[in-house]
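Q: First the structure, which I've put down as structure tokens, then a few questions once you've had a look.
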Amino acid sequence: MDQVREGGGAVSDLLGTFSDGFARRALLEAVMVGGLCGVVGVHVLLRRLPFFTMALGHATFPGVVLAALLGVNLFLGATLFGAVVVVVVALLGARERVDETSAIGVTLSGAFALGVLLLSAQAGFSRDLAAYLVGSIVTVQRGDLVTTAVAGAAVLGVLAVLHKELVLGAFDRGGLAALGYPVLALDVAMLLLVEVTLVTSIPAVGTILAVALIVAPAAAARLWTERLGATMAVAAGLGIASGVIGLAVSQHWRVAAGATIALVAAGVFAVSLLAAPRHGLLARVRARRQPAAAAGPG
Amino acid sequence: MTELLVEPFRLPYMQRALLEVLLLGALAGVVGVFVVLRRLAFVSDALTHTIFPGVVIAHLLDRSLLLGALAFGVLTAVLLTGITSSSRRVGADAALAILLTSFFSLGVVLVSRTRTYTADLTVFLFGRVLAVDRADLLQTLALAAVVAGTLWALRKELVLRAFDPDGAAAMGYRTAALDLVLNLLIALVVVAAVKAVGTVLVVALIVVPAAAARLLADRVATTAVLACALGALGGWLGLAASYEVSVDHGVRLASGATIVVVLVALFALAAAAAPLRRRRRGPGNPRGVARWIRSARAAAR
Amino acid sequence: MEAEPPVLELRHVAVAYDRVPVVEDVDGTVLAGQSVALIGPNGAGKSTLIKAILGLVPVVRGSVAVLGRPPQASRRQVAYVPQADTLDTEFPVSAFQAVLMGRYPRVGFIRRPGAADRQAAWQALDAVGLAELASARFGILSGGQRQRVLLARAIAQEPRLLLLDEPFNGVDALSQELLLAALRRLRTGGAAVVMATHDLGLAHLACDEVCLLNRHQIGFGPIGTTLTAERLRATYGGQALELRGDGVIVARP
């Protein structure tokens, strides 16, 4: 009970310091990033892209470093570099003896090491590295907020406009092609949207943990509902909740914010895995006790 | 040229570092052959992230990093084997990603409570090969012996399992057990590499030399020897290069990262050289970006 | 003279995946030297039944007995031949090495295959006509050749029961001949053969018994009397069939 009160106290502390610049910005960033990642995450799961997203996160890292070195806008630099990585992985994986996962593994390692290398060549190595990898939401600036809002709106906008095509393409590429749509272009577009989402999340949670925020709320949402639209809404909600709760908890216990957010998201998933009606583990154990009345194969 | 490759290693700490990376490179290379043949790059990546909190906890409790990494390595190898051999409504990919990031976050959260947060994080993630001491070397040697020994004992069965999982099961082999053994071996390699190159870069040591060797060899045995050699070579060249650049040109280059960059360069060379060796293209696998994007979805098996 | 147990005995077998029944009421006996074709459309349960005979999938009703014992106890005497195109063609093994893999269970862990094992592998490769291509990489062989390699692997296991999953799919005429010849030799040597196939013409050539399946057994018996137009219609649900060979049976929708 005490902990709940503490948690509640933390949230009201946070809300109470609403007028405090950094807390308000951090909260806003957490909300926006959480919602965006939740929605994008549903598509990532549909298309079986978690590993690719992980790799992209790692590979985006040198783009961020390069952009910082060259004084280019971080966002642009990271996105461009990420696009280059997508192409490299695609070309590499198309070769006969390089399977897709190894292609991703090689590119991920190379790009990441490159980023570390570039970064290590300058001072302030550790501090910047940590920020890129695990985020630094409490130092988010107004400019970052604007970027997040614009990028987030753009990604959600494209997802909304292309919704039918992207969903059909995830389930039935052949069908989509038969209808005359440019399937490959849509696939690449999806990958780019994931890339933009990742880059947008870096200031908040860093490259590695952005994957958590993209995958976990969406995976949890899938356990609660069957309908796609509802899944996206629930995922966005869970993402926002993870962001806010994670931020509050991290402020209270004075630990890394990005990591706490990721842990909360994973926690939400774990709870859903156990408790969700029909697809949760408890529900399935209960159904197992009843003979043959259960639903067909998952 | 040979000057550059030998000169740095007159110093004792550089000698120890060299021995460490040669050992690690060879070990990771040979384990990597199975990782690449079984398309387990993601699982290996997951393992490196999940072992991280073990290292942090050991550090905070002032115990041997090796033990912490080992404990979490075994734990997560078991968990991962469980996850990857049953995929349901939550795909194995997604489950792995969540497991990976939550363990990693746990490690970050724990580390962030210390004063030396960012410096510690860097060391755990990227290692400090130049700080390797005799005890570390002996640990690596011991782990290498265990891993190499197990691989040797089970080499036939692991190859069969990689080549024809259905056939292996039909012959009576318990594929889940074989998978667990391999995952444990991968975990041990990660544990061995923690001090020297850190958890993040060890994936490169495992995947890159083996992927390069795969392009050039037509037999498992040859692939393994080549992967070993490439891994060791990358370690040597990388260490020498980072030393030279740091000492002679004043640009501090992280050793671990340099080794990885060298390995990827070797991979690129292998990729360029491979088509020249091919006598005849095998029966049709469709090529092109479309195939990759389609099968990127089936990445985790 | 002692009565030897039949090589394979299926008694009202029902197999389920995830508690959902996939195939039910399979009943029949296979003696040494006999060959049974498992015939049915996709999803009929042929592969699942084969897995149950291998002991890889549990039986929820009835029983499977291989050489009078449960499947797990007779594994050494059973060999399985999967479809060749399920295997990675880029895998770095030679044809000979692939065949030698059939001897691994005998060799056991740690040890290397011995001279006797290598001899068995050579003979098996020879039996399918691939002795010259022994050191070729498995993946560069044609589809039919690869299927022959997999049969050779099974032959090297010296089995009493041979299970094949669609062995003639996409296989060239020469490979077909060699596969049929090798199967005949195995049967003369006393082995029993069970093969899942949808090629009725080849079923006639290779098998003397047939088991018709479509999620449940529609017939099990000598191929001449069991493979009737009516039973085929019941099995395939009225689809048109593609046939080769002398007997032409077309089921109209």
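Here, A, B, ... name the chains of the structure tokens in the order displayed, residue numbers run from 1 inside each chain, and ligands are numbered from 1 in the same displayed order.
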Which residues of chain B are close to chain A, meaning at most 6 Å apart when you count only C-alpha atoms, and how do they look as an NGL selection string?
A: :B and (39 or 41 or 93-94 or 98 or 101-102 or 105 or 109 or 112-113 or 118-119 or 122 or 204 or 208 or 215 or 251-254 or 257 or 261 or 264 or 287-289 or 292 or 297 or 299)
Q: Please produce a file of the residues just selected, as an mmCIF file, in the first residue's frame, where the atoms kept are C-alpha atoms.
A:
data_model
loop_
_atom_site.group_PDB
_atom_site.id
_atom_site.type_symbol
_atom_site.label_atom_id
_atom_site.label_comp_id
_atom_site.auth_asym_id
_atom_site.auth_seq_id
_atom_site.Cartn_x
_atom_site.Cartn_y
_atom_site.Cartn_z
ATOM 1 C CA ARG B 39 20.541 -18.203 -38.373
ATOM 2 C CA ALA B 41 22.274 -13.949 -34.990
ATOM 3 C CA ASP B 93 10.812 -12.332 -32.382
ATOM 4 C CA ALA B 94 8.703 -10.038 -30.264
ATOM 5 C CA ILE B 98 11.016 -7.700 -25.048
ATOM 6 C CA THR B 101 15.315 -4.917 -23.733
ATOM 7 C CA SER B 102 13.878 -5.513 -20.288
ATOM 8 C CA SER B 105 16.982 -1.899 -18.978
ATOM 9 C CA VAL B 109 18.652 1.056 -14.086
ATOM 10 C CA SER B 112 22.423 4.432 -13.108
ATOM 11 C CA ARG B 113 22.300 4.438 -9.336
ATOM 12 C CA THR B 118 28.245 6.573 -17.707
ATOM 13 C CA ALA B 119 31.804 5.369 -17.359
ATOM 14 C CA THR B 122 30.732 2.185 -21.298
ATOM 15 C CA ALA B 204 30.335 -8.979 -34.100
ATOM 16 C CA VAL B 208 31.126 -11.549 -38.754
ATOM 17 C CA LEU B 215 31.044 -17.149 -48.220
ATOM 18 C CA VAL B 251 43.339 10.092 -32.178
ATOM 19 C CA ARG B 252 42.034 7.825 -29.483
ATOM 20 C CA LEU B 253 40.316 4.862 -31.065
ATOM 21 C CA ALA B 254 38.446 2.358 -28.935
ATOM 22 C CA ALA B 257 35.345 -1.068 -31.958
ATOM 23 C CA VAL B 261 35.496 -2.514 -38.031
ATOM 24 C CA VAL B 264 33.627 -6.126 -41.180
ATOM 25 C CA ARG B 287 17.556 -13.069 -55.537
ATOM 26 C CA GLY B 288 16.987 -9.473 -54.942
ATOM 27 C CA VAL B 289 15.698 -7.013 -52.463
ATOM 28 C CA TRP B 292 15.061 -10.209 -48.529
ATOM 29 C CA ARG B 297 9.852 -11.340 -41.476
ATOM 30 C CA ALA B 299 14.135 -13.869 -39.355
#
Q: Might you pull out every residue within 7 Å of range 167-171 of chain C, with only C-alpha atoms counted and same-chain residues fewer than 2 positions away left off, and present them as a VMD selection string?
A: chain C and resid 83 143 to 144 147 164 to 165 173 175 to 176
Q: Compute the chain C side of the contact with chain A at 8 Å, counting only C-alpha atoms, and hand it back as a VMD selection string.
A: chain C and resid 18 to 20 90
Q: Just how far from CA of Pro5 in chain C is CA of Gly102 in chain C, in Å to one decimal?
A: 25.0 Å
Q: Give as a PyMOL selection string every residue of chain B that touches chain C within 6 Å, counting only C-alpha atoms.
A: chain B and resi 153+218-220+282
Q: Keeping only C-alpha atoms, write the selected residues to a file as a PDB file, in the first residue's frame.
A:
ATOM      1  CA  ALA B 153      32.153 -33.621 -28.668  1.00  0.00           C
ATOM      2  CA  ASP B 218      32.114 -25.441 -48.992  1.00  0.00           C
ATOM      3  CA  ARG B 219      32.514 -27.647 -45.954  1.00  0.00           C
ATOM      4  CA  VAL B 220      31.723 -27.115 -42.313  1.00  0.00           C
ATOM      5  CA  GLY B 282      23.159 -23.558 -57.028  1.00  0.00           C
TER       6      GLY B 282
END
Q: Give me, please, the distance in Å between CA of Val31 in chain B and CA of Val207 in chain B, quoted to one decimal.
A: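 Atom-to-atom, CA of Val31 in chain B and CA of Val207 in chain B are spaced 8.9 Å apart.
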Q: List as a ChimeraX atom specification the protein and nucleic acid residues near Pro6 in chain C, meaning an atom at most 10 Å away when only C-alpha atoms are counted, but skip any in the same chain fewer than 4 places from it.
A: /C:29-32,65-68,192
Q: Enter the distance from CA of Val268 in chain A to CA of Ala154 in chain A, in Å, rounded to one decimal.
A: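 Separation of CA of Val268 in chain A and CA of Ala154 in chain A: 27.3 Å.
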Q: Could you pull the residues within 9 Å of Ala26 in chain B, counting only C-alpha atoms, minus those fewer than 3 positions along the same chain, as a list of chain:residue names?
A: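 The residues that qualify are B:Val21, B:Leu22, B:Leu23, B:Gly29, B:Val30, B:Val31, B:Leu205, B:Val225, B:Ala227, B:Cys228, B:Ala229, B:Leu230, B:Gly231, B:Ala232, B:Leu233.
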Q: Determine the nearest neighbour of Leu238 in chain A from the options A:Thr79, A:Leu192, A:Ala30, A:Val84, counting only C-alpha atoms.
A: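 Residue with the minimum atom-to-atom distance to Leu238 in chain A: A:Ala30.
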Q: Enumerate the residues of range 226-288 of chain A with a DSSP assignment of alpha helix (DSSP H), computed from the backbone, and present them as a PyMOL selection string.
A: chain A and resi 228-253+257-275+281-288
Q: If DSSP is run on the backbone, what residues of range 7-185 of chain C are strand (DSSP E or B)? A reply as a PDB file with N, CA and C atoms, in the first residue's frame would be ideal.
A:
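Contents of the output file out.pdb:
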ATOM      1  N   LEU C   8       4.883 -52.572 -38.777  1.00  0.00           N
ATOM      2  CA  LEU C   8       4.114 -51.417 -38.301  1.00  0.00           C
ATOM      3  C   LEU C   8       2.690 -51.843 -38.057  1.00  0.00           C
ATOM      4  N   GLU C   9       2.185 -51.493 -36.891  1.00  0.00           N
ATOM      5  CA  GLU C   9       0.807 -51.813 -36.588  1.00  0.00           C
ATOM      6  C   GLU C   9       0.113 -50.566 -36.060  1.00  0.00           C
ATOM      7  N   LEU C  10      -0.946 -50.157 -36.775  1.00  0.00           N
ATOM      8  CA  LEU C  10      -1.703 -48.982 -36.368  1.00  0.00           C
ATOM      9  C   LEU C  10      -3.084 -49.451 -35.942  1.00  0.00           C
ATOM     10  N   ARG C  11      -3.445 -49.115 -34.702  1.00  0.00           N
ATOM     11  CA  ARG C  11      -4.742 -49.557 -34.214  1.00  0.00           C
ATOM     12  C   ARG C  11      -5.592 -48.357 -33.836  1.00  0.00           C
ATOM     13  N   HIS C  12      -6.513 -48.033 -34.705  1.00  0.00           N
ATOM     14  CA  HIS C  12      -7.472 -46.936 -34.448  1.00  0.00           C
ATOM     15  C   HIS C  12      -6.773 -45.692 -33.915  1.00  0.00           C
ATOM     16  N   VAL C  13      -5.750 -45.289 -34.649  1.00  0.00           N
ATOM     17  CA  VAL C  13      -4.899 -44.196 -34.191  1.00  0.00           C
ATOM     18  C   VAL C  13      -5.559 -42.852 -34.455  1.00  0.00           C
ATOM     19  N   ALA C  14      -5.538 -41.998 -33.458  1.00  0.00           N
ATOM     20  CA  ALA C  14      -5.937 -40.598 -33.655  1.00  0.00           C
ATOM     21  C   ALA C  14      -4.783 -39.730 -33.181  1.00  0.00           C
ATOM     22  N   VAL C  15      -4.418 -38.767 -34.002  1.00  0.00           N
ATOM     23  CA  VAL C  15      -3.302 -37.875 -33.661  1.00  0.00           C
ATOM     24  C   VAL C  15      -3.814 -36.450 -33.610  1.00  0.00           C
ATOM     25  N   ALA C  16      -3.311 -35.685 -32.647  1.00  0.00           N
ATOM     26  CA  ALA C  16      -3.757 -34.298 -32.502  1.00  0.00           C
ATOM     27  C   ALA C  16      -2.561 -33.364 -32.409  1.00  0.00           C
ATOM     28  N   TYR C  17      -2.733 -32.153 -32.903  1.00  0.00           N
ATOM     29  CA  TYR C  17      -1.755 -31.078 -32.739  1.00  0.00           C
ATOM     30  C   TYR C  17      -2.405 -30.054 -31.827  1.00  0.00           C
ATOM     31  N   VAL C  20      -6.106 -30.330 -31.073  1.00  0.00           N
ATOM     32  CA  VAL C  20      -7.038 -30.323 -32.195  1.00  0.00           C
ATOM     33  C   VAL C  20      -6.762 -31.574 -33.022  1.00  0.00           C
ATOM     34  N   PRO C  21      -7.758 -32.455 -33.162  1.00  0.00           N
ATOM     35  CA  PRO C  21      -7.488 -33.709 -33.891  1.00  0.00           C
ATOM     36  C   PRO C  21      -7.159 -33.420 -35.348  1.00  0.00           C
ATOM     37  N   VAL C  22      -6.086 -34.020 -35.828  1.00  0.00           N
ATOM     38  CA  VAL C  22      -5.659 -33.804 -37.200  1.00  0.00           C
ATOM     39  C   VAL C  22      -6.036 -34.995 -38.071  1.00  0.00           C
ATOM     40  N   VAL C  23      -5.872 -36.189 -37.521  1.00  0.00           N
ATOM     41  CA  VAL C  23      -6.251 -37.370 -38.295  1.00  0.00           C
ATOM     42  C   VAL C  23      -6.738 -38.438 -37.318  1.00  0.00           C
ATOM     43  N   GLU C  24      -7.780 -39.130 -37.737  1.00  0.00           N
ATOM     44  CA  GLU C  24      -8.410 -40.079 -36.810  1.00  0.00           C
ATOM     45  C   GLU C  24      -8.659 -41.435 -37.450  1.00  0.00           C
ATOM     46  N   ASP C  25      -8.798 -42.425 -36.584  1.00  0.00           N
ATOM     47  CA  ASP C  25      -9.278 -43.738 -37.003  1.00  0.00           C
ATOM     48  C   ASP C  25      -8.402 -44.391 -38.067  1.00  0.00           C
ATOM     49  N   VAL C  26      -7.094 -44.318 -37.885  1.00  0.00           N
ATOM     50  CA  VAL C  26      -6.196 -44.958 -38.835  1.00  0.00           C
ATOM     51  C   VAL C  26      -5.910 -46.361 -38.327  1.00  0.00           C
ATOM     52  N   ASP C  27      -6.150 -47.330 -39.181  1.00  0.00           N
ATOM     53  CA  ASP C  27      -6.035 -48.712 -38.721  1.00  0.00           C
ATOM     54  C   ASP C  27      -5.463 -49.570 -39.835  1.00  0.00           C
ATOM     55  N   GLY C  28      -4.374 -50.257 -39.556  1.00  0.00           N
ATOM     56  CA  GLY C  28      -3.805 -51.112 -40.590  1.00  0.00           C
ATOM     57  C   GLY C  28      -2.516 -51.756 -40.127  1.00  0.00           C
ATOM     58  N   THR C  29      -2.044 -52.714 -40.897  1.00  0.00           N
ATOM     59  CA  THR C  29      -0.828 -53.454 -40.558  1.00  0.00           C
ATOM     60  C   THR C  29       0.098 -53.462 -41.766  1.00  0.00           C
ATOM     61  N   VAL C  30       1.387 -53.301 -41.517  1.00  0.00           N
ATOM     62  CA  VAL C  30       2.372 -53.365 -42.595  1.00  0.00           C
ATOM     63  C   VAL C  30       3.398 -54.421 -42.233  1.00  0.00           C
ATOM     64  N   SER C  35       4.804 -52.362 -48.986  1.00  0.00           N
ATOM     65  CA  SER C  35       4.972 -50.936 -49.200  1.00  0.00           C
ATOM     66  C   SER C  35       3.602 -50.275 -49.277  1.00  0.00           C
ATOM     67  N   VAL C  36       3.381 -49.286 -48.469  1.00  0.00           N
ATOM     68  CA  VAL C  36       2.082 -48.616 -48.372  1.00  0.00           C
ATOM     69  C   VAL C  36       2.202 -47.173 -48.836  1.00  0.00           C
ATOM     70  N   ALA C  37       1.237 -46.764 -49.666  1.00  0.00           N
ATOM     71  CA  ALA C  37       1.193 -45.366 -50.071  1.00  0.00           C
ATOM     72  C   ALA C  37       0.159 -44.645 -49.221  1.00  0.00           C
ATOM     73  N   LEU C  38       0.552 -43.545 -48.595  1.00  0.00           N
ATOM     74  CA  LEU C  38      -0.394 -42.700 -47.868  1.00  0.00           C
ATOM     75  C   LEU C  38      -0.898 -41.671 -48.859  1.00  0.00           C
ATOM     76  N   ILE C  39      -2.170 -41.746 -49.155  1.00  0.00           N
ATOM     77  CA  ILE C  39      -2.692 -40.866 -50.199  1.00  0.00           C
ATOM     78  C   ILE C  39      -3.764 -39.967 -49.641  1.00  0.00           C
ATOM     79  N   VAL C  59       0.123 -39.758 -29.646  1.00  0.00           N
ATOM     80  CA  VAL C  59      -1.101 -40.345 -30.162  1.00  0.00           C
ATOM     81  C   VAL C  59      -2.166 -40.175 -29.085  1.00  0.00           C
ATOM     82  N   VAL C  60      -3.311 -39.595 -29.424  1.00  0.00           N
ATOM     83  CA  VAL C  60      -4.313 -39.351 -28.373  1.00  0.00           C
ATOM     84  C   VAL C  60      -5.294 -40.491 -28.198  1.00  0.00           C
ATOM     85  N   ARG C  61      -5.418 -41.322 -29.240  1.00  0.00           N
ATOM     86  CA  ARG C  61      -6.267 -42.512 -29.105  1.00  0.00           C
ATOM     87  C   ARG C  61      -5.612 -43.642 -29.862  1.00  0.00           C
ATOM     88  N   GLY C  62      -5.878 -44.864 -29.453  1.00  0.00           N
ATOM     89  CA  GLY C  62      -5.333 -45.992 -30.178  1.00  0.00           C
ATOM     90  C   GLY C  62      -3.846 -46.150 -29.924  1.00  0.00           C
ATOM     91  N   SER C  63      -3.161 -46.937 -30.781  1.00  0.00           N
ATOM     92  CA  SER C  63      -1.741 -47.182 -30.544  1.00  0.00           C
ATOM     93  C   SER C  63      -0.977 -47.380 -31.831  1.00  0.00           C
ATOM     94  N   VAL C  64       0.292 -47.029 -31.777  1.00  0.00           N
ATOM     95  CA  VAL C  64       1.205 -47.268 -32.880  1.00  0.00           C
ATOM     96  C   VAL C  64       2.269 -48.219 -32.369  1.00  0.00           C
ATOM     97  N   ALA C  65       2.500 -49.327 -33.070  1.00  0.00           N
ATOM     98  CA  ALA C  65       3.554 -50.254 -32.655  1.00  0.00           C
ATOM     99  C   ALA C  65       4.498 -50.471 -33.824  1.00  0.00           C
ATOM    100  N   VAL C  66       5.781 -50.206 -33.602  1.00  0.00           N
ATOM    101  CA  VAL C  66       6.804 -50.450 -34.617  1.00  0.00           C
ATOM    102  C   VAL C  66       7.627 -51.640 -34.142  1.00  0.00           C
ATOM    103  N   ARG C  69       6.945 -52.692 -30.653  1.00  0.00           N
ATOM    104  CA  ARG C  69       7.254 -51.819 -29.521  1.00  0.00           C
ATOM    105  C   ARG C  69       6.748 -50.404 -29.817  1.00  0.00           C
ATOM    106  N   VAL C  78      14.106 -47.354 -37.676  1.00  0.00           N
ATOM    107  CA  VAL C  78      13.237 -46.574 -38.560  1.00  0.00           C
ATOM    108  C   VAL C  78      14.039 -45.449 -39.189  1.00  0.00           C
ATOM    109  N   ALA C  79      13.843 -45.255 -40.494  1.00  0.00           N
ATOM    110  CA  ALA C  79      14.517 -44.157 -41.180  1.00  0.00           C
ATOM    111  C   ALA C  79      13.490 -43.269 -41.859  1.00  0.00           C
ATOM    112  N   TYR C  80      13.753 -41.965 -41.843  1.00  0.00           N
ATOM    113  CA  TYR C  80      12.822 -40.990 -42.398  1.00  0.00           C
ATOM    114  C   TYR C  80      13.484 -40.240 -43.538  1.00  0.00           C
ATOM    115  N   VAL C  81      12.749 -40.086 -44.641  1.00  0.00           N
ATOM    116  CA  VAL C  81      13.281 -39.351 -45.774  1.00  0.00           C
ATOM    117  C   VAL C  81      12.407 -38.123 -46.002  1.00  0.00           C
ATOM    118  N   SER C  94      28.946 -32.107 -48.264  1.00  0.00           N
ATOM    119  CA  SER C  94      28.988 -32.840 -49.511  1.00  0.00           C
ATOM    120  C   SER C  94      27.898 -33.907 -49.479  1.00  0.00           C
ATOM    121  N   ARG C 137      29.030 -30.680 -53.478  1.00  0.00           N
ATOM    122  CA  ARG C 137      28.250 -30.073 -52.401  1.00  0.00           C
ATOM    123  C   ARG C 137      26.784 -30.424 -52.610  1.00  0.00           C
ATOM    124  N   LEU C 161      12.041 -50.139 -41.193  1.00  0.00           N
ATOM    125  CA  LEU C 161      10.878 -49.378 -41.660  1.00  0.00           C
ATOM    126  C   LEU C 161      11.371 -48.066 -42.241  1.00  0.00           C
ATOM    127  N   LEU C 162      10.878 -47.773 -43.435  1.00  0.00           N
ATOM    128  CA  LEU C 162      11.300 -46.561 -44.118  1.00  0.00           C
ATOM    129  C   LEU C 162      10.083 -45.658 -44.309  1.00  0.00           C
ATOM    130  N   LEU C 163      10.195 -44.405 -43.874  1.00  0.00           N
ATOM    131  CA  LEU C 163       9.084 -43.457 -44.019  1.00  0.00           C
ATOM    132  C   LEU C 163       9.514 -42.349 -44.968  1.00  0.00           C
ATOM    133  N   LEU C 164       8.730 -42.121 -46.004  1.00  0.00           N
ATOM    134  CA  LEU C 164       9.090 -41.093 -46.981  1.00  0.00           C
ATOM    135  C   LEU C 164       7.967 -40.081 -47.121  1.00  0.00           C
ATOM    136  N   ASP C 165       8.340 -38.804 -47.175  1.00  0.00           N
ATOM    137  CA  ASP C 165       7.360 -37.739 -47.313  1.00  0.00           C
ATOM    138  C   ASP C 165       7.447 -37.161 -48.717  1.00  0.00           C
TER     139      ASP C 165
END
Q: Do you know which residues are at most 7 Å from Ala26 in chain A counting only C-alpha atoms, after dropping those on the same chain fewer than 4 positions away, and could you put them as an mmCIF file with N, CA and C atoms, in the first residue's frame?
A:
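Contents of out_11.cif, as written:
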data_model
loop_
_atom_site.group_PDB
_atom_site.id
_atom_site.type_symbol
_atom_site.label_atom_id
_atom_site.label_comp_id
_atom_site.auth_asym_id
_atom_site.auth_seq_id
_atom_site.Cartn_x
_atom_site.Cartn_y
_atom_site.Cartn_z
ATOM 1 N N PHE A 22 11.731 21.409 -17.004
ATOM 2 C CA PHE A 22 12.281 20.138 -17.484
ATOM 3 C C PHE A 22 11.282 19.009 -17.277
ATOM 4 N N ALA A 30 7.555 12.054 -23.203
ATOM 5 C CA ALA A 30 7.206 10.663 -22.893
ATOM 6 C C ALA A 30 5.846 10.310 -23.488
ATOM 7 N N ILE A 137 15.975 11.691 -21.268
ATOM 8 C CA ILE A 137 14.713 12.400 -21.470
ATOM 9 C C ILE A 137 14.629 13.660 -20.642
ATOM 10 N N VAL A 138 15.340 13.661 -19.524
ATOM 11 C CA VAL A 138 15.207 14.828 -18.658
ATOM 12 C C VAL A 138 15.956 16.035 -19.186
ATOM 13 N N VAL A 140 15.640 16.922 -22.362
ATOM 14 C CA VAL A 140 14.975 17.234 -23.626
ATOM 15 C C VAL A 140 14.674 18.728 -23.721
#
